[in-house]
Structure formats: structure tokens, C-alpha cells
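Enquirer: After the C-alpha cells below, expect a handful of questions from me.
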Amino acid sequence: KQEVTQIPAALSVPEGENLVLNCSFTDSAIYNLQWFRQDPGKGLTSLLLIQSSQREQTSGRLNASLDKSSGRSTLYIAASQPGDSATYLCAVSPPNTDKLIFGTGTRLQVFP
Amino acid sequence: GAVVSQHPSWVICKSGTSVKIECRSLDFQATTMFWYRQFPKQSLMLMATSNEGSKATYEQGVEKDKFLINHASLTLSTLTVTSAHPEDSSFYICSAMGQGNYEQYFGPGTRLTVT
């Protein structure tokens, strides 16, 4: 059974810091991995999607890497801003299925 | 593009009543829709997968007679919580996927409170 874990569970940093959020999954057989952002009481916003054949994806200040063999992904946030405060979720999609299995989330707070 | 809406955004109901939540894909045809629930400060748990025109597939431990899912058209899926109880209070989120597309687009969620 695929399990997805995110570390740390919570993170509070001053504005301007570069951050690394970690995601690990127990079964390396995945179709893709996604990173999402969720604001309190809201739905999910997709940030980055990495196919299993890819190593990384970048969008603005965000960079996500994938090491499928070791079951790990990292989300790198450069020059963090208070507006980045949210919960970040990673999710993996097992092969031959459209399902998403979500991680436990990292609650990020960036203070001015 | 790829906008998914949910209605209502929040609902309060009395114990024992039924509540229907709608999930709509506004600008694309969703051949597959997913329903998740999220308890406070926890992650999303998949409840069921629904394909247009067929019965939903429920995840282990989810009562299909309690959580009725209907996906009657390519733009609408509904989740009905029957005989709701306080423990059903949660945040329910749907997502939709178009044919030939592997990405899920999420709705804004519905906050259900059962008193």
C-alpha cells in the first residue's frame, strides 16, 4: 500500500528565506507526482506536476525534483514571501490508475 | 480554463437529514470525477471515483449506501450524504479529469457541519 509522508509537518520562517519541503513515498512505482497548495478552508491549487520519467519541474520561484528510485521529491521555494503561507501537499499517482494519494502536508508560515 | 465549481460552499444540517453536494466542470467535459474528504489539519482522503454514466467505485472503508455518488453527465457529479451524523462533518472536495488528460482539477470544497 502506497504511503506518502511529508516533512516537516510545519514550518515557520522569516521572509526571504529559501525553503525545502520534503515528500517521500513507499512505492517507487508511480505514474506522476504533483505538488499542490491549499489555503485555509479552500480547495487545491496545482503548483507543479512531474511525470515519472522527469527529474524536475520549475515554475517561477518554485522548483520540484523527483527521485523515483529513492521514493523522494522535494519542493524548493526561493526567496519566500508572506503570500507563500499555506499548506503544501504532495500527491502521487500509482500506475494504471487516475487516483491521487496525498501526503500529510506541510503547513508553511512566512512572516514579514 | 479547467475550472471546477462546487455548490454549496458550506452547509449546516441537522443530524438524520441528507445533504447533496454538486461538483461541476465549467469549461471542459469531465469523464472522471473524484470525491475526497478532509478532516481538520489532515490530508485529503479519496472516497470514490466516478465515471460518467457508470457506478462509482468506492475506496475501502467508505460506505456506498451512505455516500451516494451520481455522475449523470460529463459536467456534473453529485455526492449525497444520507442520514448525516456529526461525525460526517468534514470538508468535501471534488476533482475532475477530462478524457485523455491525466491532471485532476480541484473544486473549492464544501464545508459540511452536522449538528
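How things are named: the first chain in the C-alpha cells is A, the next is B, and so on; residues count from 1 in each chain; ligands count from 1 in the order shown.
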Do a neighbour search on A:Asp67 at 10 Å with only C-alpha atoms, toss out local chain neighbours closer than 6 positions, and write the hits as a VMD selection string.

Expert: chain A and resid 24 28 52 to 56 73 to 74

Enquirer: Could you please tell me, as a list of chain:residue names, which residues of chain A have an atom within 7 Å of chain B when using only C-alpha atoms?

Expert: A:Lys42, A:Gly43, A:Leu44, A:Asp98, A:Phe102, A:Gly103, A:Thr104, A:Gly105

Enquirer: Please return as a PyMOL selection string: the residues of chain A that backbone DSSP assigns to strand (DSSP E).

Expert: chain A and resi 4-7+10-14+19-25+32-38+44-51+56-59+62-67+72-77+86-93+101-102+106-111

Enquirer: When distances are computed from only C-alpha atoms, which of A:Ser59, A:Leu48, A:Glu3, A:Leu66 shows the smallest separation from A:Asn22?

Expert: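 Closest candidate: A:Leu66.
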
Enquirer: Counting only C-alpha atoms, which residue out of B:Tyr36, B:Glu52, B:Ser25, B:Ser18 sits closest to B:Asp65?

Expert: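 For B:Asp65, the nearest of the given residues is B:Ser18.
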
Enquirer: Which residues come within 7 Å of B:Ser77, counting only C-alpha atoms, excluding same-chain residues fewer than 2 positions away, as JSON, numbers by chain?

Expert: {"B": [22, 23, 24, 70, 71, 72, 79]}

Enquirer: Those residues you just picked out, can you put them in a file as a tab-separated table (two decimals), in the first residue's frame with N, CA and C atoms?

Expert:
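Result saved to selection.tsv:
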chain	number	residue	atom	x	y	z
B	22	GLU	N	-22.90	19.39	-5.09
B	22	GLU	CA	-22.69	19.33	-6.53
B	22	GLU	C	-21.26	19.71	-6.90
B	23	CYS	N	-20.76	19.03	-7.90
B	23	CYS	CA	-19.45	19.32	-8.46
B	23	CYS	C	-19.60	19.47	-9.96
B	24	ARG	N	-19.19	20.61	-10.48
B	24	ARG	CA	-19.36	20.88	-11.92
B	24	ARG	C	-18.04	21.27	-12.57
B	70	ASN	N	-23.51	10.27	-7.90
B	70	ASN	CA	-24.13	10.19	-9.21
B	70	ASN	C	-23.34	11.05	-10.19
B	71	HIS	N	-22.98	10.48	-11.32
B	71	HIS	CA	-22.22	11.21	-12.35
B	71	HIS	C	-22.99	11.07	-13.65
B	72	ALA	N	-24.11	11.78	-13.71
B	72	ALA	CA	-25.06	11.58	-14.79
B	72	ALA	C	-24.69	12.29	-16.08
B	79	LEU	N	-22.65	14.33	-4.79
B	79	LEU	CA	-22.40	13.49	-3.62
B	79	LEU	C	-23.52	13.77	-2.63

Enquirer: Would you mind listing what lies within 9 Å of A:Val20 as a PDB file with N, CA, C and O atoms, in the first residue's frame, with only C-alpha atoms counted and same-chain residues fewer than 5 positions away left out?

Expert:
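Result file follows (around28.pdb):
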ATOM      1  N   THR A  74      11.330  16.787  -3.638  1.00  0.00           N
ATOM      2  CA  THR A  74      11.492  17.997  -2.853  1.00  0.00           C
ATOM      3  C   THR A  74      10.885  19.172  -3.604  1.00  0.00           C
ATOM      4  O   THR A  74      10.923  19.234  -4.842  1.00  0.00           O
ATOM      5  N   LEU A  75      10.312  20.071  -2.851  1.00  0.00           N
ATOM      6  CA  LEU A  75       9.806  21.329  -3.401  1.00  0.00           C
ATOM      7  C   LEU A  75      10.672  22.438  -2.832  1.00  0.00           C
ATOM      8  O   LEU A  75      10.730  22.629  -1.615  1.00  0.00           O
ATOM      9  N   TYR A  76      11.316  23.150  -3.717  1.00  0.00           N
ATOM     10  CA  TYR A  76      12.211  24.242  -3.324  1.00  0.00           C
ATOM     11  C   TYR A  76      11.493  25.560  -3.608  1.00  0.00           C
ATOM     12  O   TYR A  76      11.024  25.790  -4.728  1.00  0.00           O
ATOM     13  N   ILE A  77      11.404  26.400  -2.582  1.00  0.00           N
ATOM     14  CA  ILE A  77      10.780  27.711  -2.730  1.00  0.00           C
ATOM     15  C   ILE A  77      11.863  28.752  -2.501  1.00  0.00           C
ATOM     16  O   ILE A  77      12.451  28.829  -1.410  1.00  0.00           O
ATOM     17  N   ALA A  78      12.134  29.531  -3.515  1.00  0.00           N
ATOM     18  CA  ALA A  78      13.173  30.553  -3.419  1.00  0.00           C
ATOM     19  C   ALA A  78      12.583  31.873  -2.917  1.00  0.00           C
ATOM     20  O   ALA A  78      11.456  32.233  -3.259  1.00  0.00           O
TER      21      ALA A  78
END

Enquirer: In Å, how far is it from atom CA of B:Gly16 to atom CA of B:Leu76?

Expert: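 One can read the atom CA of B:Gly16 to atom CA of B:Leu76 distance as 25.5 Å.
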
Enquirer: Neighbouring residues of B:Val81 were defined as those with any atom within 7 Å, considering only C-alpha atoms; residues of the same chain fewer than 5 positions away were excluded. Please report them as a PyMOL selection string.

Expert: chain B and resi 18-20+66-68

Enquirer: Looking at B:Leu112, B:Val3, B:Ala84, B:Cys13, which one is nearest to B:Arg37, with distances taken over only C-alpha atoms?

Expert: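 Using only C-alpha atoms, B:Arg37 sits closest to B:Leu112.
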
Enquirer: Within 10 Å of A:Ile30, counting only C-alpha atoms, which residues qualify if same-chain residues fewer than 4 places away don't, as a list in words?

Expert: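 Close residues of A:Ile30: Gln2, Phe25, Gln51, Ser52, Ser53, Lys68, Gly71, Val92, Ser93, Pro94, Pro95, Asn96 and Thr97 of chain A.
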
Enquirer: Now that the selection is made, can you save its residues with C-alpha atoms as a CSV table (one decimal), in the first residue's frame?

Expert:
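After the write, selection-v8.csv holds the following:
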chain,number,residue,atom,x,y,z
A,2,GLN,CA,1.4,3.3,-1.1
A,25,PHE,CA,6.6,7.7,-0.8
A,51,GLN,CA,6.0,12.8,-14.8
A,52,SER,CA,7.7,9.6,-13.7
A,53,SER,CA,10.3,10.0,-16.5
A,68,LYS,CA,11.7,7.9,-8.1
A,71,GLY,CA,10.9,7.5,-3.3
A,92,VAL,CA,1.5,10.5,-6.2
A,93,SER,CA,-0.5,8.7,-8.9
A,94,PRO,CA,0.0,4.9,-9.0
A,95,PRO,CA,0.5,3.4,-12.4
A,96,ASN,CA,-2.6,2.3,-14.4
A,97,THR,CA,-4.9,4.4,-12.2

Enquirer: Within 12 Å of B:Glu63, counting only C-alpha atoms, which residues qualify if same-chain residues fewer than 5 places away don't, as a VMD selection string?

Expert: chain B and resid 47 to 48 56 to 58 68 to 69 80 to 82 88

Enquirer: Got time to write the residues from that selection, all heavy atoms, as an mmCIF file, in the first residue's frame?

Expert:
data_model
loop_
_atom_site.group_PDB
_atom_site.id
_atom_site.type_symbol
_atom_site.label_atom_id
_atom_site.label_comp_id
_atom_site.auth_asym_id
_atom_site.auth_seq_id
_atom_site.Cartn_x
_atom_site.Cartn_y
_atom_site.Cartn_z
ATOM 1 N N MET B 47 -12.464 9.244 -1.430
ATOM 2 C CA MET B 47 -13.645 8.481 -1.048
ATOM 3 C C MET B 47 -14.092 7.567 -2.192
ATOM 4 O O MET B 47 -14.390 6.398 -1.981
ATOM 5 C CB MET B 47 -14.801 9.423 -0.702
ATOM 6 C CG MET B 47 -14.535 10.339 0.466
ATOM 7 S SD MET B 47 -15.881 11.497 0.718
ATOM 8 C CE MET B 47 -17.205 10.404 1.180
ATOM 9 N N ALA B 48 -14.157 8.152 -3.388
ATOM 10 C CA ALA B 48 -14.690 7.382 -4.505
ATOM 11 C C ALA B 48 -14.302 8.029 -5.817
ATOM 12 O O ALA B 48 -13.993 9.221 -5.874
ATOM 13 C CB ALA B 48 -16.210 7.282 -4.405
ATOM 14 N N ALA B 56 -20.153 4.483 -9.288
ATOM 15 C CA ALA B 56 -18.913 4.941 -8.677
ATOM 16 C C ALA B 56 -18.157 3.775 -8.043
ATOM 17 O O ALA B 56 -18.754 2.776 -7.631
ATOM 18 C CB ALA B 56 -19.210 5.999 -7.628
ATOM 19 N N THR B 57 -16.860 3.922 -7.984
ATOM 20 C CA THR B 57 -16.002 2.952 -7.309
ATOM 21 C C THR B 57 -15.563 3.552 -5.988
ATOM 22 O O THR B 57 -14.914 4.600 -5.969
ATOM 23 C CB THR B 57 -14.770 2.623 -8.170
ATOM 24 O OG1 THR B 57 -15.194 2.109 -9.427
ATOM 25 C CG2 THR B 57 -13.897 1.596 -7.461
ATOM 26 N N TYR B 58 -15.904 2.882 -4.909
ATOM 27 C CA TYR B 58 -15.633 3.414 -3.582
ATOM 28 C C TYR B 58 -14.337 2.833 -3.009
ATOM 29 O O TYR B 58 -14.004 1.665 -3.243
ATOM 30 C CB TYR B 58 -16.798 3.097 -2.640
ATOM 31 C CG TYR B 58 -18.057 3.865 -2.968
ATOM 32 C CD1 TYR B 58 -18.914 3.439 -3.989
ATOM 33 C CD2 TYR B 58 -18.392 5.019 -2.276
ATOM 34 C CE1 TYR B 58 -20.063 4.159 -4.309
ATOM 35 C CE2 TYR B 58 -19.542 5.732 -2.576
ATOM 36 C CZ TYR B 58 -20.364 5.299 -3.591
ATOM 37 O OH TYR B 58 -21.494 6.017 -3.910
ATOM 38 N N LEU B 68 -23.818 8.619 -1.477
ATOM 39 C CA LEU B 68 -24.327 8.283 -2.805
ATOM 40 C C LEU B 68 -23.725 9.233 -3.832
ATOM 41 O O LEU B 68 -23.818 10.444 -3.703
ATOM 42 C CB LEU B 68 -25.855 8.387 -2.827
ATOM 43 C CG LEU B 68 -26.605 7.489 -1.830
ATOM 44 C CD1 LEU B 68 -28.100 7.735 -1.955
ATOM 45 C CD2 LEU B 68 -26.277 6.026 -2.048
ATOM 46 N N ILE B 69 -23.142 8.649 -4.850
ATOM 47 C CA ILE B 69 -22.499 9.447 -5.885
ATOM 48 C C ILE B 69 -23.173 9.182 -7.216
ATOM 49 O O ILE B 69 -23.390 8.038 -7.606
ATOM 50 C CB ILE B 69 -20.993 9.137 -5.965
ATOM 51 C CG1 ILE B 69 -20.301 9.628 -4.699
ATOM 52 C CG2 ILE B 69 -20.371 9.781 -7.207
ATOM 53 C CD1 ILE B 69 -18.856 9.198 -4.584
ATOM 54 N N THR B 80 -24.260 12.749 -2.273
ATOM 55 C CA THR B 80 -25.316 12.900 -1.280
ATOM 56 C C THR B 80 -24.923 12.156 -0.014
ATOM 57 O O THR B 80 -24.681 10.943 -0.051
ATOM 58 C CB THR B 80 -26.662 12.351 -1.802
ATOM 59 O OG1 THR B 80 -27.032 13.059 -2.992
ATOM 60 C CG2 THR B 80 -27.761 12.538 -0.754
ATOM 61 N N VAL B 81 -24.850 12.903 1.067
ATOM 62 C CA VAL B 81 -24.582 12.310 2.376
ATOM 63 C C VAL B 81 -25.930 11.998 2.997
ATOM 64 O O VAL B 81 -26.700 12.918 3.328
ATOM 65 C CB VAL B 81 -23.769 13.258 3.271
ATOM 66 C CG1 VAL B 81 -23.438 12.589 4.598
ATOM 67 C CG2 VAL B 81 -22.490 13.706 2.560
ATOM 68 N N THR B 82 -26.250 10.734 3.111
ATOM 69 C CA THR B 82 -27.564 10.337 3.616
ATOM 70 C C THR B 82 -27.519 10.128 5.122
ATOM 71 O O THR B 82 -26.497 9.679 5.675
ATOM 72 C CB THR B 82 -28.042 9.043 2.945
ATOM 73 O OG1 THR B 82 -27.127 7.990 3.262
ATOM 74 C CG2 THR B 82 -28.097 9.213 1.429
ATOM 75 N N ASP B 88 -19.881 12.992 10.307
ATOM 76 C CA ASP B 88 -19.748 13.236 8.868
ATOM 77 C C ASP B 88 -19.310 14.663 8.579
ATOM 78 O O ASP B 88 -19.026 15.007 7.423
ATOM 79 C CB ASP B 88 -21.069 12.958 8.143
ATOM 80 C CG ASP B 88 -21.508 11.513 8.278
ATOM 81 O OD1 ASP B 88 -20.633 10.625 8.272
ATOM 82 O OD2 ASP B 88 -22.734 11.277 8.405
#
